[in-house]
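This is run_4.cif (mmCIF, C-alpha atoms).
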data_model
#
loop_
_atom_site.label_atom_id
_atom_site.label_comp_id
_atom_site.auth_asym_id
_atom_site.auth_seq_id
_atom_site.Cartn_x
_atom_site.Cartn_y
_atom_site.Cartn_z
CA MET C 654 94.84 21.53 83.34
CA ILE C 655 94.16 24.74 81.41
CA ARG C 656 97.04 27.17 81.48
CA SER C 657 97.04 30.82 80.49
CA LYS C 658 99.74 32.65 78.55
CA ALA C 659 101.56 33.40 81.81
CA GLY C 660 101.71 29.68 82.64
CA ILE C 661 99.05 29.81 85.34
CA ASP C 662 96.18 27.31 85.61
CA ARG C 663 92.68 28.37 86.54
CA GLY C 664 92.84 27.21 90.15
CA GLU C 665 96.08 29.08 90.64
CA ALA C 666 94.64 32.18 88.95
CA ARG C 667 91.86 32.14 91.56
CA TRP C 668 94.39 31.86 94.41
CA LEU C 669 96.39 34.68 92.89
CA GLU C 670 93.36 36.92 92.64
CA ARG C 671 92.32 36.17 96.22
CA ALA C 672 95.89 36.58 97.46
CA ARG C 673 96.05 39.96 95.72
CA GLN C 674 93.01 40.96 97.76
CA GLY C 675 94.87 40.03 100.95
CA ASP C 676 93.54 36.50 101.60
CA PRO C 677 96.27 34.69 103.60
CA GLN C 678 94.68 31.27 102.96
CA ALA C 679 94.97 31.75 99.20
CA PHE C 680 98.59 32.83 99.61
CA ALA C 681 99.22 29.70 101.70
CA GLU C 682 98.14 27.65 98.66
CA LEU C 683 100.71 29.54 96.56
CA VAL C 684 103.38 28.84 99.18
CA GLU C 685 102.59 25.13 98.93
CA ALA C 686 102.77 25.26 95.14
CA TYR C 687 106.00 27.27 94.85
CA GLN C 688 108.00 26.28 97.93
CA ARG C 689 110.19 23.86 95.98
CA PRO C 690 111.52 26.17 93.23
CA VAL C 691 111.99 29.05 95.68
CA PHE C 692 113.77 26.89 98.25
CA ASN C 693 115.91 25.27 95.55
CA LEU C 694 116.93 28.69 94.20
CA CYS C 695 117.83 29.90 97.71
CA TYR C 696 119.71 26.70 98.44
CA ARG C 697 121.68 26.85 95.18
CA MET C 698 122.45 30.51 95.75
CA LEU C 699 123.40 30.34 99.44
CA GLY C 700 124.68 26.75 99.55
CA GLU C 701 123.31 25.89 102.97
CA ALA C 702 119.92 24.42 103.95
CA GLY C 703 119.32 26.51 107.11
CA GLU C 704 120.03 29.78 105.36
CA ALA C 705 118.01 28.67 102.36
CA GLU C 706 114.98 27.98 104.58
CA ASP C 707 115.27 31.43 106.15
CA ALA C 708 115.72 33.13 102.80
CA ALA C 709 112.83 31.24 101.20
CA GLN C 710 110.52 32.17 104.10
CA GLU C 711 111.59 35.80 103.80
CA CYS C 712 110.94 35.75 100.05
CA PHE C 713 107.40 34.49 100.56
CA LEU C 714 106.81 37.18 103.20
CA ARG C 715 107.98 39.82 100.75
CA GLY C 716 105.79 38.28 98.09
CA TYR C 717 102.79 38.36 100.45
CA ASN C 718 103.39 41.99 101.37
CA ASN C 719 103.81 43.04 97.76
CA MET C 720 101.01 41.01 96.19
CA ARG C 721 99.20 44.21 95.16
CA ARG C 722 102.18 45.11 92.98
CA TYR C 723 102.11 41.79 91.15
CA ASP C 724 100.94 42.15 87.55
CA PRO C 725 98.65 39.14 86.84
CA THR C 726 99.42 39.24 83.11
CA ARG C 727 102.99 38.15 83.88
CA SER C 728 104.30 34.86 85.19
CA PHE C 729 103.88 34.54 88.95
CA SER C 730 106.71 32.04 89.09
CA THR C 731 109.14 34.48 87.44
CA TRP C 732 107.97 37.27 89.77
CA LEU C 733 108.53 35.11 92.84
CA LEU C 734 111.91 33.85 91.62
CA SER C 735 112.85 37.46 90.95
CA ILE C 736 112.18 38.35 94.60
CA ALA C 737 114.16 35.29 95.73
CA SER C 738 117.09 36.05 93.41
CA HIS C 739 117.39 39.67 94.53
CA HIS C 740 117.16 38.64 98.18
CA CYS C 741 119.86 35.97 97.81
CA ILE C 742 122.12 38.31 95.80
CA ASP C 743 121.87 40.85 98.65
CA GLN C 744 122.66 38.12 101.20
CA LEU C 745 125.72 36.97 99.23
CA ARG C 746 126.99 40.52 98.75
CA ARG C 747 126.89 41.00 102.50
CA ARG C 748 128.98 37.85 102.97
CA ARG C 749 132.22 37.70 101.01
CA LEU C 750 133.75 37.21 97.59
CA PRO C 751 133.33 33.90 95.72
CA VAL C 752 135.79 31.18 96.66
CA ASP C 753 138.75 30.27 94.46
CA SER C 754 139.23 26.62 95.44
CA LEU C 755 137.31 23.73 96.98
CA GLU C 756 139.31 23.97 100.22
CA GLU C 757 137.88 27.43 100.86
CA LEU C 758 134.30 26.13 101.02
CA GLU C 759 132.87 26.24 104.53
CA PRO C 760 131.25 23.13 106.05
CA TRP C 761 127.63 23.02 105.00
CA GLU C 762 124.27 21.89 106.22
CA GLU C 763 122.61 19.41 103.87
CA PRO C 764 118.93 19.63 103.00
CA ALA C 765 116.77 16.73 104.18
CA ASP C 766 116.87 13.88 101.68
CA GLN C 767 113.48 12.24 101.51
CA ASN C 768 114.76 9.19 99.62
CA PRO C 769 115.81 6.48 102.09
CA GLY C 770 118.04 4.45 99.71
CA PRO C 771 121.68 4.77 100.88
CA GLU C 772 123.21 4.55 97.38
CA THR C 773 120.83 7.11 95.94
CA ALA C 774 121.39 9.36 98.93
CA THR C 775 125.19 9.16 98.50
CA ALA C 776 124.97 9.85 94.76
CA ARG C 777 122.68 12.82 95.37
CA ARG C 778 124.93 14.13 98.10
CA GLU C 779 127.96 13.95 95.83
CA GLY C 780 126.03 15.60 93.03
CA ARG C 781 124.94 18.41 95.36
CA GLN C 782 128.51 18.90 96.57
CA ALA C 783 129.87 19.03 93.03
CA ALA C 784 127.19 21.53 91.95
CA ARG C 785 127.79 23.58 95.08
CA ALA C 786 131.53 23.69 94.44
CA LEU C 787 130.93 24.95 90.91
CA LEU C 788 128.41 27.60 91.91
CA ALA C 789 130.61 28.79 94.77
CA ARG C 790 133.14 30.06 92.21
CA LEU C 791 130.65 32.49 90.72
CA GLY C 792 129.70 36.00 91.76
CA PRO C 793 126.14 36.46 93.13
CA GLN C 794 124.51 37.67 89.93
CA ASP C 795 126.24 35.12 87.67
CA ARG C 796 125.20 32.42 90.10
CA ALA C 797 121.59 33.56 89.90
CA VAL C 798 121.72 33.47 86.09
CA VAL C 799 123.06 29.89 86.15
CA VAL C 800 120.50 28.66 88.70
CA LEU C 801 117.59 30.23 86.84
CA ARG C 802 118.79 28.70 83.57
CA TYR C 803 119.76 25.20 84.71
CA TRP C 804 117.23 24.46 87.46
CA ASP C 805 114.28 26.70 86.70
CA GLU C 806 114.77 26.45 82.94
CA LEU C 807 113.88 30.08 82.37
CA SER C 808 114.50 31.61 78.95
CA THR C 809 117.09 34.37 78.54
CA GLU C 810 114.25 36.92 78.40
CA GLU C 811 112.67 35.59 81.60
CA ILE C 812 116.03 35.65 83.40
CA ALA C 813 116.53 39.23 82.24
CA GLU C 814 113.09 40.13 83.63
CA ALA C 815 113.72 38.32 86.91
CA LEU C 816 117.11 39.93 87.52
CA SER C 817 116.31 43.38 86.08
CA LEU C 818 119.03 42.97 83.43
CA THR C 819 119.09 43.34 79.66
CA VAL C 820 118.99 40.21 77.49
CA LYS C 821 122.49 41.07 76.28
CA ALA C 822 123.76 41.26 79.87
CA VAL C 823 122.22 37.87 80.70
CA LYS C 824 123.89 36.27 77.67
CA SER C 825 127.20 37.81 78.61
CA ARG C 826 126.91 36.68 82.25
CA LEU C 827 125.92 33.16 81.24
CA HIS C 828 128.87 33.00 78.84
CA ARG C 829 131.27 34.19 81.52
CA ALA C 830 129.83 31.84 84.16
CA ARG C 831 130.04 28.78 81.91
CA LYS C 832 133.64 29.58 81.06
CA GLN C 833 134.50 30.18 84.72
CA MET C 834 132.90 26.89 85.79
CA ALA C 835 134.64 24.94 83.00
CA GLU C 836 138.01 26.43 84.00
CA ALA C 837 137.34 25.65 87.66
CA TRP C 838 136.47 22.07 86.76
CA LEU C 839 139.71 21.79 84.82
CA GLN C 840 141.65 23.20 87.77
CA ASP C 841 140.00 20.86 90.32
CA HIS C 842 140.53 17.66 88.37
CA ALA C 843 144.21 16.83 88.44
CA GLU C 844 144.48 14.88 85.18
CA PRO C 845 144.33 17.31 82.26
CA ALA C 846 141.15 16.73 80.31
CA TRP C 847 142.94 16.76 76.93
CA ASN C 848 145.04 13.76 78.00
CA GLY C 849 142.39 11.62 79.60
CA GLY C 850 139.23 12.93 78.07
CA ARG C 851 139.76 13.38 74.37
CA ALA C 852 136.89 10.98 73.68
CA ASP C 853 134.58 13.38 75.55
CA VAL C 854 135.29 16.23 73.16
CA ALA C 855 132.91 14.99 70.51
CA SER C 856 130.13 14.47 73.03
CA ALA C 857 130.84 17.92 74.49
CA LEU C 858 129.84 19.62 71.26
CA MET F 258 147.06 29.98 67.79
CA SER F 259 143.88 32.06 67.95
CA HIS F 260 141.16 30.58 70.13
CA GLN F 261 138.46 32.82 68.76
CA PRO F 262 135.73 32.35 67.71
CA PHE F 263 136.12 28.72 68.88
CA GLU F 264 136.14 29.55 72.58
CA ASP F 265 132.93 31.55 72.16
CA TRP F 266 131.34 28.68 70.26
CA ILE F 267 132.29 26.20 73.00
CA VAL F 268 131.09 28.35 75.87
CA GLY F 269 128.16 29.97 74.04
CA ASP F 270 124.63 28.84 74.74
CA GLU F 271 123.47 28.89 71.13
CA ALA F 272 123.31 25.97 68.63
CA LEU F 273 126.07 25.93 65.99
CA MET F 274 125.55 25.72 62.24
CA LEU F 275 127.04 22.74 60.38
CA GLU F 276 130.05 24.70 59.03
CA GLN F 277 130.79 26.16 62.46
CA ARG F 278 130.59 22.74 64.03
CA GLN F 279 133.01 21.25 61.47
CA ALA F 280 135.48 24.12 61.92
CA LEU F 281 135.28 23.71 65.70
CA GLU F 282 135.90 19.96 65.53
CA ALA F 283 138.95 20.58 63.34
CA HIS F 284 140.25 23.20 65.79
CA LEU F 285 139.73 20.94 68.82
CA GLY F 286 141.89 18.27 67.18
CA ASN F 287 144.84 20.72 67.18
CA CYS F 288 144.19 22.75 70.33
CA PRO F 289 144.50 20.95 73.70
CA GLY F 290 143.40 24.10 75.56
CA CYS F 291 140.06 24.37 73.73
CA ALA F 292 139.58 20.59 73.85
CA GLY F 293 140.06 20.73 77.62
CA LEU F 294 137.58 23.58 77.89
CA ALA F 295 134.98 21.68 75.85
CA THR F 296 135.40 18.51 77.91
CA SER F 297 135.23 20.41 81.20
CA LEU F 298 132.15 22.28 80.12
CA ALA F 299 130.47 19.00 79.21
CA ALA F 300 131.30 17.68 82.69
CA VAL F 301 129.96 20.89 84.26
CA GLU F 302 126.71 20.65 82.30
CA ARG F 303 126.35 17.01 83.27
CA THR F 304 126.93 17.85 86.95
CA LEU F 305 124.41 20.68 86.93
CA GLY F 306 121.92 18.62 84.96
CA GLU F 307 122.15 15.68 87.36
CA ALA F 308 121.86 17.77 90.52
CA GLN F 309 118.15 17.53 91.27
CA ALA F 310 116.10 20.34 92.74
CA VAL F 311 116.14 20.20 96.53
CA THR F 312 112.99 20.41 98.62
CA PRO F 313 112.54 22.08 102.00
CA GLU F 314 111.80 20.01 105.09
CA ALA F 315 108.15 19.01 105.56
CA GLY F 316 105.96 21.69 107.15
CA PHE F 317 107.36 24.66 105.22
CA GLY F 318 103.86 26.11 104.70
CA LEU F 319 103.07 25.82 108.40
CA ARG F 320 106.34 27.50 109.36
CA PHE F 321 105.53 30.27 106.89
CA ALA F 322 102.09 30.81 108.48
CA GLN F 323 103.73 31.07 111.92
CA ARG F 324 106.33 33.52 110.66
CA LEU F 325 103.65 35.63 108.98
CA GLU F 326 101.71 35.80 112.26
CA GLN F 327 104.87 36.73 114.21
CA ARG F 328 105.64 39.47 111.69
CA ARG F 329 102.10 40.84 111.99
CA VAL F 330 102.32 41.00 115.77
CA ARG F 331 105.73 42.67 115.55
CA ASP F 332 104.45 45.24 113.07
CA SER F 333 101.39 46.00 115.20
CA ARG F 334 103.63 46.57 118.21
CA ARG F 335 105.97 48.78 116.23
CA GLN F 336 103.03 50.82 114.93
CA ALA F 337 101.64 51.23 118.44
CA TRP F 338 105.03 52.33 119.77
CA ARG F 339 105.48 54.79 116.92
CA THR F 340 102.05 56.31 117.58
CA PHE F 341 102.79 56.57 121.30
CA ALA F 342 106.22 58.11 120.68
CA GLY F 343 104.68 60.61 118.24
CA ALA F 344 102.03 61.61 120.78
CA VAL F 345 104.64 62.05 123.53
CA ALA F 346 106.86 64.11 121.21
CA ALA F 347 103.92 66.33 120.22
CA ALA F 348 102.95 66.83 123.87
CA ALA F 349 106.55 67.68 124.79
CA LEU F 350 106.72 70.16 121.93
CA LEU F 351 103.53 71.87 123.06
CA ALA F 352 104.60 71.92 126.72
CA THR F 353 108.07 73.37 126.01
CA PRO F 354 107.08 77.08 125.75
CA MET F 355 105.04 76.83 128.97
CA VAL F 356 107.89 75.14 130.86
CA LEU F 357 110.38 77.70 129.58
CA ARG F 358 108.15 80.57 130.67
CA LEU F 359 107.52 79.08 134.11
CA GLY F 360 111.19 78.27 134.51
CA ALA F 361 112.12 81.90 133.91
CA GLU F 362 109.83 82.97 136.78
CA TRP F 363 111.12 80.47 139.35
CA THR F 364 113.75 81.66 141.78
CA SER F 365 113.38 79.06 144.60
CA PRO F 366 111.74 75.64 145.11
CA GLY F 367 109.08 77.16 147.38
CA GLU F 368 108.18 79.77 144.80
CA MET F 369 108.07 77.06 142.15
CA VAL F 370 105.42 75.18 144.15
CA VAL F 371 103.44 78.37 144.74
CA GLN F 372 103.61 79.28 141.06
CA MET F 373 102.50 75.81 140.01
CA LEU F 374 99.56 75.85 142.45
CA LEU F 375 98.60 79.32 141.20
CA ARG F 376 98.68 78.04 137.61
CA VAL F 377 96.50 75.06 138.53
CA TYR F 378 94.07 77.43 140.32
CA ASP F 379 94.05 79.73 137.26
CA ILE F 380 93.25 76.78 135.02
CA TRP F 381 90.47 75.65 137.37
CA VAL F 382 88.96 79.14 137.48
CA GLY F 383 89.29 79.39 133.70
CA LEU F 384 87.51 76.07 133.22
CA ARG F 385 84.68 77.16 135.53
CA VAL F 386 84.21 80.45 133.66
CA ALA F 387 84.33 78.60 130.34
CA GLY F 388 81.78 76.05 131.68
CA GLY F 389 79.41 78.84 132.81
CA PHE F 390 79.77 80.61 129.49
CA THR F 391 79.15 77.37 127.55
CA ARG F 392 76.04 76.61 129.63
CA ALA F 393 74.69 80.12 128.99
CA VAL F 394 75.37 79.81 125.27
CA VAL F 395 73.80 76.33 125.02
CA SER F 396 70.67 77.36 126.94
CA ASN F 397 70.19 80.35 124.62
CA LEU F 398 71.50 78.61 121.51
CA SER F 399 68.20 78.67 119.63
CA GLU F 400 68.01 82.46 120.11
CA ILE F 401 71.65 83.14 119.19
CA ILE F 402 72.09 80.73 116.23
CA PRO F 403 69.33 79.85 113.76
CA PRO F 404 68.58 76.05 113.72
CA ALA F 405 69.78 75.70 110.09
CA TRP F 406 73.18 77.16 111.02
CA ALA F 407 73.46 74.86 114.03
CA LEU F 408 72.68 71.82 111.88
CA GLY F 409 75.27 72.95 109.32
CA PHE F 410 77.86 73.37 112.08
CA LEU F 411 77.04 69.92 113.43
CA ALA F 412 77.32 68.39 109.96
CA ALA F 413 80.70 70.09 109.42
CA CYS F 414 81.96 68.70 112.76
CA LEU F 415 80.77 65.20 111.84
CA GLY F 416 82.40 65.52 108.39
CA MET F 417 85.72 66.55 109.90
CA GLY F 418 85.52 63.69 112.38
CA ALA F 419 84.85 61.23 109.58
CA ALA F 420 87.77 62.61 107.54
CA TRP F 421 90.04 62.27 110.57
CA MET F 422 88.96 58.65 111.09
CA ALA F 423 89.52 57.92 107.39
CA VAL F 424 93.06 59.34 107.55
CA LEU F 425 93.83 57.31 110.68
CA TYR F 426 92.49 54.15 109.05
CA ARG F 427 94.37 54.72 105.79
CA PHE F 428 97.77 55.62 107.20
CA ALA F 429 97.90 53.81 110.53
CA PHE F 430 95.56 50.88 110.99
CA ARG F 431 95.30 49.58 107.41
CA ARG F 432 99.09 49.59 107.00
CA VAL F 433 99.41 47.41 110.08
CA LYS F 434 96.62 45.12 108.87
CA GLU F 435 98.31 44.62 105.52
CA GLY F 436 101.75 44.27 107.08
CA ALA F 437 103.03 46.90 104.65
CA GLY F 438 105.72 49.50 105.15
CA ARG F 439 108.70 47.18 105.31
#
Let me see the structure of the file written as structure tokens.
Amino acid sequence: MIRSKAGIDRGEARWLERARQGDPQAFAELVEAYQRPVFNLCYRMLGEAGEAEDAAQECFLRGYNNMRRYDPTRSFSTWLLSIASHHCIDQLRRRRLPVDSLEELEPWEEPADQNPGPETATARREGRQAARALLARLGPQDRAVVVLRYWDELSTEEIAEALSLTVKAVKSRLHRARKQMAEAWLQDHAEPAWNGGRADVASAL
Amino acid sequence: MSHQPFEDWIVGDEALMLEQRQALEAHLGNCPGCAGLATSLAAVERTLGEAQAVTPEAGFGLRFAQRLEQRRVRDSRRQAWRTFAGAVAAAALLATPMVLRLGAEWTSPGEMVVQMLLRVYDIWVGLRVAGGFTRAVVSNLSEIIPPAWALGFLAACLGMGAAWMAVLYRFAFRRVKEGAGR
């Protein structure tokens, strides 16, 4: 697969060009290709599958309507994730402040797990809950920075572009978010880490 | 005990140099707070790293196509209603002076009916006179206006019509077609 500087292969470049000219079929191909990262971002940001589906659909609609504004020399994935991040940040700001403890988290709707194994499903569910509890502590923009870094593996520069921030601001937000999540983890796990987890210190570095 | 720069090194996203790493290890041996922070952060990173990307339910693309179609229909309806409302508002604006003038002349319901009938009759007579005048002009058009002038006038009318259609297409119909303006 031949990829350009912007990380787009030739087939995708054709879809993008056709989608920019208003071809809904070409945009449908892009929806198929990018539904997973966009949905995952929305889910990690909003913490609930139903809302994430709605938000992801809305992001693709916005993308479709603004395709003429997309600059083909830049990464389409970053552009799309930028739309999704801004949409989810707006949604979260309309809601309420981040929670301070696990008890404050509202009941949530799980996304469909396509793996039928019960043990794997349980492990994944627990993992999702733990990640959700950590992200719920963060403010909307810090949460977006963390999701784009840990799940979408964007560079600091790409995150800055996606969230319309400076590189310095992204670094500062990531620093603050990591500290906040580490402190929350410490608070949620009754046994102090320095008593029970001294052996982990070396591996933590 | 000062926790800086150790706290920044623990929480920071950048790789440490050998000397920094050694100094941090020495500090962690004496500082339970920073050791706790480092261990917790490792657990956080592990949790985030292990949480796999979630996928939407099957049929996401199909649901998107349906939503896109619904949005198009909604936008077309909105555009049609806006055009209709604009036309009604313009008509009301134009009719206001006439209504105000007629209203000033009315003193009773009977007179109002008479006045309205008289206005309708006036309009009818006016249209007939205008029709007769137009017929006379058209039948003698070649004598009144030279053919080149008439063709120029016709071309100007067609040009204005085309410009009007282009404006309508650009600002009304194409916007609906593209689903823009949200």
Given all atoms listed in the file as the counted atoms, nearest of C:Cys712, C:Ile812, C:Leu818, C:Val684 to chain F: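 Ranking C:Cys712, C:Ile812, C:Leu818, C:Val684 by distance to chain F, first place goes to C:Val684.
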Selection under test: the PyMOL selection byres ((chain F and resi 262-267) around 7); residues as a PyMOL selection string: chain F and resi 260-261+268-269+281+291+295
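Those residues returned by the PyMOL selection byres ((chain F) within 7 of (chain C)) for this file are Val268, Gly269, Pro289, Ala292, Gly293, Leu294, Ala295, Thr296, Ser297, Leu298, Ala299, Val301, Thr304, Leu305, Gly306, Glu307, Ala308, Ala310, Val311, Thr312, Pro313, Glu314, Gly318, Phe321, Leu325, Gly436 and Ala437 of chain F.
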Please identify all polymer residues within 10 Å of Glu810 in chain C, counting all atoms listed in the file, omitting same-chain residues fewer than 2 positions from it, and present them as a CSV table (one decimal) with C-alpha atoms, in the coordinates of the input.
chain,number,residue,atom,x,y,z
C,807,LEU,CA,113.9,30.1,82.4
C,808,SER,CA,114.5,31.6,79.0
C,812,ILE,CA,116.0,35.6,83.4
C,813,ALA,CA,116.5,39.2,82.2
C,814,GLU,CA,113.1,40.1,83.6
C,815,ALA,CA,113.7,38.3,86.9
C,818,LEU,CA,119.0,43.0,83.4
C,819,THR,CA,119.1,43.3,79.7
C,820,VAL,CA,119.0,40.2,77.5
C,821,LYS,CA,122.5,41.1,76.3
C,823,VAL,CA,122.2,37.9,80.7
C,824,LYS,CA,123.9,36.3,77.7
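Take CA of Gly716 in chain C and CA of Thr731 in chain C: the distance between them is 11.8 Å.
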d(CA of Arg722 in chain C, CA of Ala419 in chain F) in Å: 28.9 Å
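Here the question is which of C:Leu699, C:Leu745, C:Ala737, C:Leu669 gets nearest to Asp724 in chain C using all atoms listed in the file, and that residue is C:Leu669.
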Pairwise distance for CA of Arg796 in chain C and CA of Ser738 in chain C, rounded to one decimal in Å: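 If I compute the distance from CA of Arg796 in chain C to CA of Ser738 in chain C, I get 9.5 Å.
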